[in-house]
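Below: one structure, written as structure tokens.
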Amino acid sequence: MTNSLWVLVLATIALTANGAPQLRGRANAPAPAAAQATDKTDKAGSYAFSFDTLLEDAKQRAQKPYSPQRSKLPAGLDKLSPEQYRSIHFNTEAGIWRSEQLPFRLELLRTGYNLQSVAVTVSTVEGGMAQDLVATPAMFQSSPSLSQLERKASLPLSGFRVRSHINSKKVWDEFLVFQGASYYRAVAQHLLYGLSARGLAINTAEPAGEEFPAFTHFWVERPDPRANSIVIYALLESDSATGAYRFTVQPGVQTLMDVDLTIFPRAQMRLVGIAPLTSMFLFDETNRGHLDDYRPEVHDSDGLMIESNSGEQIYRQLANPTKLQVSTFTTQPPKGFGLVQRSRQQSDFQDFENQYERRPSAWVEPKGDWGPGAVELVEIPSGRETNDNIVAFWRPTEGLAPNRPARFEYRITWLAEPDLPRGMGRVAATRAGASVDGKRRVFILDFIGAGEKIDGLRLELAASTGKISNASLVPNRSMHGLRASFEIEPNDADLIELRMRIMRGDKPVTETWLYRWTAT
């Protein structure tokens with residue numbers, strides 16, 4: 001066991017977290033058709049655009065202080081009640097490119113009622129020329145007040161969504177949404193929205209508070225009629241940095257997203273998260289804690305997966321702690337990392353409405369040399385399933401400095417669950433509870449994918465403190481897998497890091513299971 005594989009406790013301090021933007025569940029179902037708005041724009045307002053011009057713009061902006069532009073409602077809409085305003089939705093009949101034989105459709109999303117969000121511009125790009133879209137009242141529906149607005153009035157936007165034939169050739173399914181700060185979500189075939197990705201994380205879990213950068217302008221390339229992917233560019237801005245992003249997204253059985261970004265720091269950035277993923281974990285079978293709930297589990301993701309630079313497969317179960325926890329893993333850029341949802345049976349959740357068993361996993365694969373750093377996991381105390389309390393990202397050791405642009409490339413795969421190497425067993429279930437005398441914790445782990453024969457196998461099991469006893473490995477014929485169990489006596493420990501894998505000689509036949517036990 002090497003030190004780099006141990007979880008390092010960086011912080012266990014109380015946190016009062018700012019709520020992150022939430023995008024729960026499916027988008028609203030299409031309402032009856034309203035007046036259709038044309039997707040033909042006035043070419044007089046077009047301008048030259050490319051990724052190079054975006055890079056140069058972000059570079060120039062970084063030389064000046066950030067002055068965010070807030071959204072403003074046109075006259076008339078500002079008199080609506082919150083309920084009336086929330087009833088306004090984009091009319092799918094007005095989708096951009098809807099009248100053309102193209103594989104994707106673009107739909108605009110209005111801003112929230114409180115108008116605290118940064119103003120967002122959405123543009124289309126064709127032949128190297130960009131056109132800013134105007135969200136006219138004719139594109140939206142549900143409120144009589146819309147008909148009273150000037151025909152060319154522009155509704156403020158918070159982002160957009162994209163539709164394609166991802167599940168059926170007869171249905172235009174939503175598979176991608178960019179909305180709220182630098183948050184975005186995607187789904188693969190037959191899955192529902194769950195965890196989110198972000199453009200950049202800054203000062204996550206810092207006592208002084210997190211900084212939330214925002215995508216302020218998007219450019220979406222008009223796709224070719226035979227295209228299987230869509231290209232999106234974005235400008236990111238915050239007090240600390242600007243950024244230029246290019247996303248190439250291919251939906252399908254697995255939705256592939258290639259990300260190319262360059263960050264231009266405005267100031268010294270000590271704690272930066274690259275390729276951040278954000279999810280929700282309330283409880284599972286091992287840590288229900290004080291939560292009184294009829295469901296066996298509630299979470300969008302239940303584990304952090306890492307494939308280390310040396311090839312070790314690591315699985316760290318998530319927790320909903322009573323105090324903020326920050327953990328680091330590996331000392332070199334991994335081959336991949338991601339937040340995953342392994343509970344895939346409806347019976348795991350008993351929740352017909354939320355269908356947590358259909359939430360996607362997201363797997364990040366770095367491209368090129370990311371330099372020294374670590375995968376960092378942040379677990380924030382939460383009492384509600386509406387709070388995203390889990391964050392995972394790559395943290396560069398040196399941070400980012402002014403006048404030193406930093407480029408990163410990676411792929412995010414949105415899917416049910418990342419594959420392990422052939423023949424490598426994975427953790428299918430973890431259960432924990434008190435021993436009969438209440439002095440020890442009993443852990444039972446089920447592994448599948450490595451067969452059910454135990455001949456020649458042994459447990460490699462370790463704890464950072466406490467006393468391990470009664471370790472055993474037996475076949476689990478009901479799952480055609482293996483069952484490992486052990487007991488741990490904490491003594492006076494408040495926190496214990498546990499580590500287990502099944503070995504044949506000096507070769508692992510399962511992934512490495514990591515678990516953080518805390519006294520509360």
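Going by the structure tokens order, chains are called A, B, ..., each with residues numbered from 1, while ligands are numbered from 1 in the order shown.
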Could you give me, as CSV, every stretch 208-271 of chain A residue with an atom at most 12 Å from stretch 165-179 of chain A, plus its closest atom pair and distance in Å to one decimal, counting only C-alpha atoms, rows ordered by chain then number?
```
residue,atom,partner,partner_atom,distance
A:Ala214,CA,A:Gln179,CA,9.4
A:Phe215,CA,A:Gln179,CA,8.6
A:Thr216,CA,A:Gln179,CA,10.3
A:His217,CA,A:Phe178,CA,11.0
A:Phe218,CA,A:Phe178,CA,9.3
A:Trp219,CA,A:Phe178,CA,11.9
A:Val220,CA,A:Phe178,CA,11.6
A:Asn228,CA,A:His165,CA,10.4
A:Ser229,CA,A:Ile166,CA,11.6
A:Ile230,CA,A:Leu176,CA,10.5
A:Val231,CA,A:Leu176,CA,12.0
A:Ile232,CA,A:Phe178,CA,10.2
A:Tyr233,CA,A:Phe178,CA,11.4
A:Ala234,CA,A:Phe178,CA,10.1
A:Phe247,CA,A:Phe178,CA,11.2
A:Thr248,CA,A:Leu176,CA,11.6
A:Val249,CA,A:Leu176,CA,8.8
A:Gln250,CA,A:Ile166,CA,9.9
A:Pro251,CA,A:Ile166,CA,6.5
A:Gly252,CA,A:Ile166,CA,5.7
A:Val253,CA,A:Ile166,CA,8.0
A:Gln254,CA,A:Ile166,CA,10.0
A:Thr255,CA,A:Phe175,CA,8.6
A:Leu256,CA,A:Leu176,CA,11.2
A:Met257,CA,A:Leu176,CA,10.4
```
A:Lys467 surroundings by only C-alpha atoms, 9 Å radius, close-in-sequence under 5 positions cut, as a ChimeraX atom specification
/A:487-491
Nearest to A:Arg384 among A:Val326, A:Leu291, A:Ala94, A:Ile88, with distances taken over only C-alpha atoms: which residue is it?
A:Leu291
Polymer residues at most 8 Å from stretch 286-290 of chain A, only C-alpha atoms, same-chain spacing of 4 or more positions, as a ChimeraX atom specification:
/A:319-320,430-433,520
6 Å contact set for A:Leu304, only C-alpha atoms, chain neighbours under 6 positions out, as a list of chain:residue names
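Close residues of A:Leu304: A:Tyr315, A:Arg316, A:Gly338, A:Leu339.
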Mind dumping the selected residues with N, CA and C atoms as a PDB file, in the first residue's frame?
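The result, written out as part.pdb:
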```
ATOM      1  N   TYR A 315     -12.407   2.822  -6.027  1.00  0.00           N
ATOM      2  CA  TYR A 315     -13.802   3.194  -5.822  1.00  0.00           C
ATOM      3  C   TYR A 315     -13.965   3.706  -4.395  1.00  0.00           C
ATOM      4  N   ARG A 316     -14.320   4.975  -4.252  1.00  0.00           N
ATOM      5  CA  ARG A 316     -14.531   5.591  -2.937  1.00  0.00           C
ATOM      6  C   ARG A 316     -16.013   5.883  -2.767  1.00  0.00           C
ATOM      7  N   GLY A 338     -14.373  10.062 -12.069  1.00  0.00           N
ATOM      8  CA  GLY A 338     -15.754  10.473 -12.272  1.00  0.00           C
ATOM      9  C   GLY A 338     -16.638  10.142 -11.096  1.00  0.00           C
ATOM     10  N   LEU A 339     -17.797  10.776 -11.064  1.00  0.00           N
ATOM     11  CA  LEU A 339     -18.841  10.455 -10.100  1.00  0.00           C
ATOM     12  C   LEU A 339     -19.809   9.489 -10.770  1.00  0.00           C
TER      13      LEU A 339
END
```
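Proximity of A:Lys439, A:Arg61, A:Arg516, A:His480 to A:Ser240, computed with only C-alpha atoms, is greatest for A:Arg61.
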Enter the distance from atom CA of A:Tyr184 to atom CA of A:Pro265, in Å, rounded to one decimal.
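Rounded to one decimal, the two atoms are 21.9 Å apart.
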